[in-house]
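Have a look at the structure below before the remarks.
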Amino acid sequence: MSKLVGKTAPDFTAEAVVNGEIKTLSLNKDFAGKWKVLYFYPLDFTFVCPTEITAFEDNLSKFKELNCEVIGCSVDSAFSHLAWTQMERSKGGLGKMVHPILADLTKSIARSYDVLADDAVALRGVFVIDDKNVVQTCTVNNLSVGRNVEEVLRTVEAYQYTAKHGEVCPAGWTKGSKTMKPDPKGSQEYFSTLK
């Protein structure tokens with residue numbers, strides 16, 4: 001799964017449900033110059049998936065503050081996505097969705113990001129892609145456990161900090177925490193504060 005980290009994110013053009021409409025979107029054209037979180041999920045009308053998708057939607061404003069777009073993707077059709085967004089959350093639906101949900105019926109997007117399981121459904125992959133379209137990180141969960149959107153946000157913030165300041169972020173770094181200079185001498189400033 002890590003073969004994409006540090007490389008240019010594979011482009012795609014696909015139909016997506018965006019704010020209640022079906023549109024055609026391209027990674028390189030429609031999201032140029034922005035940070036992106038591309039997440040995959042197995043199937044519409046399932047159980048763990050709506051908890052993740054609605055968590056991304058509920059945190060959309062936090063991602064937007066970071067100039068970061070959130071894009072979901074599964075192997076279902078755009079019509080299936082649209083029907084799911086018209087179902088109430090209290091019944092296992094998504095309700096109104098602003099962020100795009102890609103339809104990957106050919107499974108080509110899941111395949112290009114190496115998250116396709118048994119040529120059937122996508123594993124729970126998350127890719128943080130920077131404003132130059134380079135994959136900074138990917139995490140992949142097996143089907144039974146959902147992801148933590150707060151951790152995805154923290155990761156975006158950390159990679160944006162390192163891109164802007166040239167310093168590195170130690171384990172558990174959160175916005176406002178101490179960072180490290182990436183050299184033997186400079187890193188001592190950070191290490192000297194540890195007990």
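Following the order of the structure tokens, first chain is A, next is B, and so on, with residues numbered from 1 inside each chain and ligands from 1 in the order they appear.
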Problem set entry | A:Ser144 surroundings by only C-alpha atoms, 10 Å radius, close-in-sequence under 3 positions cut, as a list in words |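 Once the adjacent positions are removed, what remains is Phe47, Val48, Cys49, Leu123, Arg124 and Asn141 of chain A.
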Based on the selection just made, write all heavy atoms of those residues as a PDB file, in the first residue's frame.
```
ATOM      1  N   PHE A  47     -22.827  -0.824   7.035  1.00  0.00           N
ATOM      2  CA  PHE A  47     -22.993  -0.517   8.456  1.00  0.00           C
ATOM      3  C   PHE A  47     -21.933   0.422   9.023  1.00  0.00           C
ATOM      4  O   PHE A  47     -22.256   1.454   9.591  1.00  0.00           O
ATOM      5  CB  PHE A  47     -23.057  -1.834   9.238  1.00  0.00           C
ATOM      6  CG  PHE A  47     -23.925  -2.836   8.534  1.00  0.00           C
ATOM      7  CD1 PHE A  47     -23.375  -3.917   7.884  1.00  0.00           C
ATOM      8  CD2 PHE A  47     -25.297  -2.651   8.467  1.00  0.00           C
ATOM      9  CE1 PHE A  47     -24.181  -4.820   7.195  1.00  0.00           C
ATOM     10  CE2 PHE A  47     -26.104  -3.539   7.780  1.00  0.00           C
ATOM     11  CZ  PHE A  47     -25.547  -4.639   7.138  1.00  0.00           C
ATOM     12  N   VAL A  48     -20.669   0.092   8.856  1.00  0.00           N
ATOM     13  CA  VAL A  48     -19.587   0.962   9.341  1.00  0.00           C
ATOM     14  C   VAL A  48     -19.461   2.183   8.432  1.00  0.00           C
ATOM     15  O   VAL A  48     -19.218   3.301   8.899  1.00  0.00           O
ATOM     16  CB  VAL A  48     -18.245   0.188   9.401  1.00  0.00           C
ATOM     17  CG1 VAL A  48     -17.094   1.116   9.790  1.00  0.00           C
ATOM     18  CG2 VAL A  48     -18.334  -0.973  10.375  1.00  0.00           C
ATOM     19  N   CYS A  49     -19.652   1.980   7.140  1.00  0.00           N
ATOM     20  CA  CYS A  49     -19.423   3.037   6.146  1.00  0.00           C
ATOM     21  C   CYS A  49     -20.155   4.354   6.432  1.00  0.00           C
ATOM     22  O   CYS A  49     -19.531   5.415   6.398  1.00  0.00           O
ATOM     23  CB  CYS A  49     -19.754   2.544   4.743  1.00  0.00           C
ATOM     24  SG  CYS A  49     -18.707   1.171   4.200  1.00  0.00           S
ATOM     25  N   LEU A 123     -10.872  -1.618   0.286  1.00  0.00           N
ATOM     26  CA  LEU A 123     -10.580  -1.557   1.711  1.00  0.00           C
ATOM     27  C   LEU A 123     -10.744  -0.100   2.154  1.00  0.00           C
ATOM     28  O   LEU A 123     -10.890   0.804   1.333  1.00  0.00           O
ATOM     29  CB  LEU A 123      -9.152  -2.044   1.973  1.00  0.00           C
ATOM     30  CG  LEU A 123      -8.884  -3.506   1.627  1.00  0.00           C
ATOM     31  CD1 LEU A 123      -7.382  -3.793   1.666  1.00  0.00           C
ATOM     32  CD2 LEU A 123      -9.640  -4.441   2.558  1.00  0.00           C
ATOM     33  N   ARG A 124     -10.667   0.132   3.451  1.00  0.00           N
ATOM     34  CA  ARG A 124     -10.846   1.482   3.984  1.00  0.00           C
ATOM     35  C   ARG A 124      -9.525   2.265   3.904  1.00  0.00           C
ATOM     36  O   ARG A 124      -8.836   2.430   4.901  1.00  0.00           O
ATOM     37  CB  ARG A 124     -11.357   1.420   5.416  1.00  0.00           C
ATOM     38  CG  ARG A 124     -12.697   0.732   5.527  1.00  0.00           C
ATOM     39  CD  ARG A 124     -13.252   0.732   6.940  1.00  0.00           C
ATOM     40  NE  ARG A 124     -14.400  -0.142   7.017  1.00  0.00           N
ATOM     41  CZ  ARG A 124     -15.614   0.157   6.554  1.00  0.00           C
ATOM     42  NH1 ARG A 124     -15.826   1.336   6.005  1.00  0.00           N
ATOM     43  NH2 ARG A 124     -16.597  -0.699   6.644  1.00  0.00           N
ATOM     44  N   ASN A 141      -7.336   0.319   6.383  1.00  0.00           N
ATOM     45  CA  ASN A 141      -7.959  -0.566   7.362  1.00  0.00           C
ATOM     46  C   ASN A 141      -8.656  -1.702   6.638  1.00  0.00           C
ATOM     47  O   ASN A 141      -9.207  -1.500   5.545  1.00  0.00           O
ATOM     48  CB  ASN A 141      -9.030   0.172   8.174  1.00  0.00           C
ATOM     49  CG  ASN A 141      -8.465   1.190   9.130  1.00  0.00           C
ATOM     50  OD1 ASN A 141      -7.308   1.552   9.084  1.00  0.00           O
ATOM     51  ND2 ASN A 141      -9.334   1.685  10.005  1.00  0.00           N
TER      52      ASN A 141
END
```
For this session: Enumerate, as JSON, numbers by chain, the complete set of residues in chain A that a backbone-based DSSP assignment places in strand (DSSP E or B).
Result: {"A": [8, 13, 14, 15, 16, 17, 18, 21, 22, 23, 24, 25, 26, 35, 36, 37, 38, 39, 40, 68, 69, 70, 71, 72, 73, 74, 101, 102, 103, 116, 117, 121, 122, 124, 125, 126, 127, 128, 129, 134, 135, 136, 137, 138, 139, 140, 141, 168, 180]}
Show me a table, sorted first by chain and then by increasing residue number, of the residues of stretch 134-172 of chain A having an atom at most 12 Å from stretch 92-115 of chain A, each with its shortest atom pair and the distance in Å to one decimal, counting only C-alpha atoms and written as JSON lines.
```
{"residue": "A:Val135", "atom": "CA", "partner": "A:Tyr113", "partner_atom": "CA", "distance": 10.4}
{"residue": "A:Thr137", "atom": "CA", "partner": "A:Tyr113", "partner_atom": "CA", "distance": 12.0}
{"residue": "A:Cys138", "atom": "CA", "partner": "A:Tyr113", "partner_atom": "CA", "distance": 9.6}
{"residue": "A:Thr139", "atom": "CA", "partner": "A:Val115", "partner_atom": "CA", "distance": 10.0}
{"residue": "A:Val140", "atom": "CA", "partner": "A:Val115", "partner_atom": "CA", "distance": 7.5}
{"residue": "A:Asn141", "atom": "CA", "partner": "A:Val115", "partner_atom": "CA", "distance": 9.6}
{"residue": "A:Asn142", "atom": "CA", "partner": "A:Val115", "partner_atom": "CA", "distance": 9.8}
{"residue": "A:Leu143", "atom": "CA", "partner": "A:Val115", "partner_atom": "CA", "distance": 11.1}
```
For this session: To one decimal in Å, tell me the separation between atom CA of A:Tyr41 and atom CA of A:Trp173.
Result: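 Separation of atom CA of A:Tyr41 and atom CA of A:Trp173: 26.9 Å.
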Exercise. At what distance in Å, to one decimal, does atom CA of A:Val126 lie from atom CA of A:Val145?
Worked result: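 Atom-to-atom, atom CA of A:Val145 to atom CA of A:Val126, that is 13.1 Å.
Considering only C-alpha atoms, the residue among A:Lys195, A:Lys62, A:His81, A:Arg154 positioned nearest to A:Gly176 is A:Arg154.
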Exercise. Restricting the calculation to only C-alpha atoms, which member of A:Ser90, A:Thr54, A:Thr46, A:Asn133 is positioned closest to A:Thr8?
Worked result: A:Asn133
For this session: Find the residues around A:Leu153 up to 12 Å (only C-alpha atoms counted), leave out those fewer than 6 positions away in its own chain, and share them as a ChimeraX atom specification.
Result: /A:35-37,55-56,59-70,126-128,147,159-160,173-175
Seminar exercise, completed: Here atom CA of A:Cys169 and atom CA of A:Asn148 stand apart by 19.3 Å
Problem set entry | alpha helix (DSSP H) positions in stretch 78-161 of chain A, given as a list in words |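 Taking stretch 78-161 of chain A and keeping alpha helix (DSSP H) only, one gets Ala78, Phe79, Ser80, His81, Leu82, Ala83, Trp84, Thr85, Ser108, Ile109, Ala110, Arg111, Ser112, Val149, Glu150, Glu151, Val152, Leu153, Arg154, Thr155, Val156, Glu157, Ala158, Tyr159, Gln160 and Tyr161 of chain A.
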Problem set entry | Selection: 12 Å around A:Lys29, only C-alpha atoms, excl. self and same-chain fewer than 6 positions, as a list in words |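 The neighbour list is Asp11, Phe12, Thr13, Ala14 and Asn133 of chain A.
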Given the selection you just returned, output its residues as a file containing all heavy atoms, formatted as a PDB file, in the first residue's frame.
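Below you can see result_16.pdb, which holds the result:
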```
ATOM      1  N   ASP A  11      -4.232  10.110 -11.253  1.00  0.00           N
ATOM      2  CA  ASP A  11      -5.375  10.938 -11.644  1.00  0.00           C
ATOM      3  C   ASP A  11      -6.585  10.047 -11.896  1.00  0.00           C
ATOM      4  O   ASP A  11      -6.455   8.839 -12.107  1.00  0.00           O
ATOM      5  CB  ASP A  11      -5.026  11.728 -12.914  1.00  0.00           C
ATOM      6  CG  ASP A  11      -6.049  12.822 -13.217  1.00  0.00           C
ATOM      7  OD1 ASP A  11      -6.810  13.207 -12.308  1.00  0.00           O
ATOM      8  OD2 ASP A  11      -6.087  13.287 -14.374  1.00  0.00           O
ATOM      9  N   PHE A  12      -7.747  10.639 -11.862  1.00  0.00           N
ATOM     10  CA  PHE A  12      -8.971   9.933 -12.225  1.00  0.00           C
ATOM     11  C   PHE A  12      -9.969  10.942 -12.752  1.00  0.00           C
ATOM     12  O   PHE A  12      -9.887  12.132 -12.458  1.00  0.00           O
ATOM     13  CB  PHE A  12      -9.572   9.180 -11.029  1.00  0.00           C
ATOM     14  CG  PHE A  12      -9.848  10.053  -9.832  1.00  0.00           C
ATOM     15  CD1 PHE A  12     -10.939  10.925  -9.799  1.00  0.00           C
ATOM     16  CD2 PHE A  12      -9.010  10.013  -8.735  1.00  0.00           C
ATOM     17  CE1 PHE A  12     -11.177  11.733  -8.691  1.00  0.00           C
ATOM     18  CE2 PHE A  12      -9.245  10.821  -7.621  1.00  0.00           C
ATOM     19  CZ  PHE A  12     -10.330  11.678  -7.607  1.00  0.00           C
ATOM     20  N   THR A  13     -10.885  10.474 -13.559  1.00  0.00           N
ATOM     21  CA  THR A  13     -12.065  11.226 -13.968  1.00  0.00           C
ATOM     22  C   THR A  13     -13.236  10.282 -13.759  1.00  0.00           C
ATOM     23  O   THR A  13     -13.222   9.150 -14.253  1.00  0.00           O
ATOM     24  CB  THR A  13     -11.982  11.665 -15.443  1.00  0.00           C
ATOM     25  OG1 THR A  13     -10.829  12.505 -15.601  1.00  0.00           O
ATOM     26  CG2 THR A  13     -13.228  12.438 -15.856  1.00  0.00           C
ATOM     27  N   ALA A  14     -14.220  10.716 -12.984  1.00  0.00           N
ATOM     28  CA  ALA A  14     -15.329   9.830 -12.634  1.00  0.00           C
ATOM     29  C   ALA A  14     -16.565  10.639 -12.284  1.00  0.00           C
ATOM     30  O   ALA A  14     -16.472  11.818 -11.922  1.00  0.00           O
ATOM     31  CB  ALA A  14     -14.938   8.945 -11.454  1.00  0.00           C
ATOM     32  N   ASN A 133      -0.040  17.506  -5.579  1.00  0.00           N
ATOM     33  CA  ASN A 133      -0.537  16.179  -5.967  1.00  0.00           C
ATOM     34  C   ASN A 133       0.383  15.030  -5.584  1.00  0.00           C
ATOM     35  O   ASN A 133       0.363  13.974  -6.209  1.00  0.00           O
ATOM     36  CB  ASN A 133      -0.870  16.118  -7.466  1.00  0.00           C
ATOM     37  CG  ASN A 133      -2.352  16.270  -7.699  1.00  0.00           C
ATOM     38  OD1 ASN A 133      -3.092  16.595  -6.781  1.00  0.00           O
ATOM     39  ND2 ASN A 133      -2.785  16.031  -8.908  1.00  0.00           N
TER      40      ASN A 133
END
```
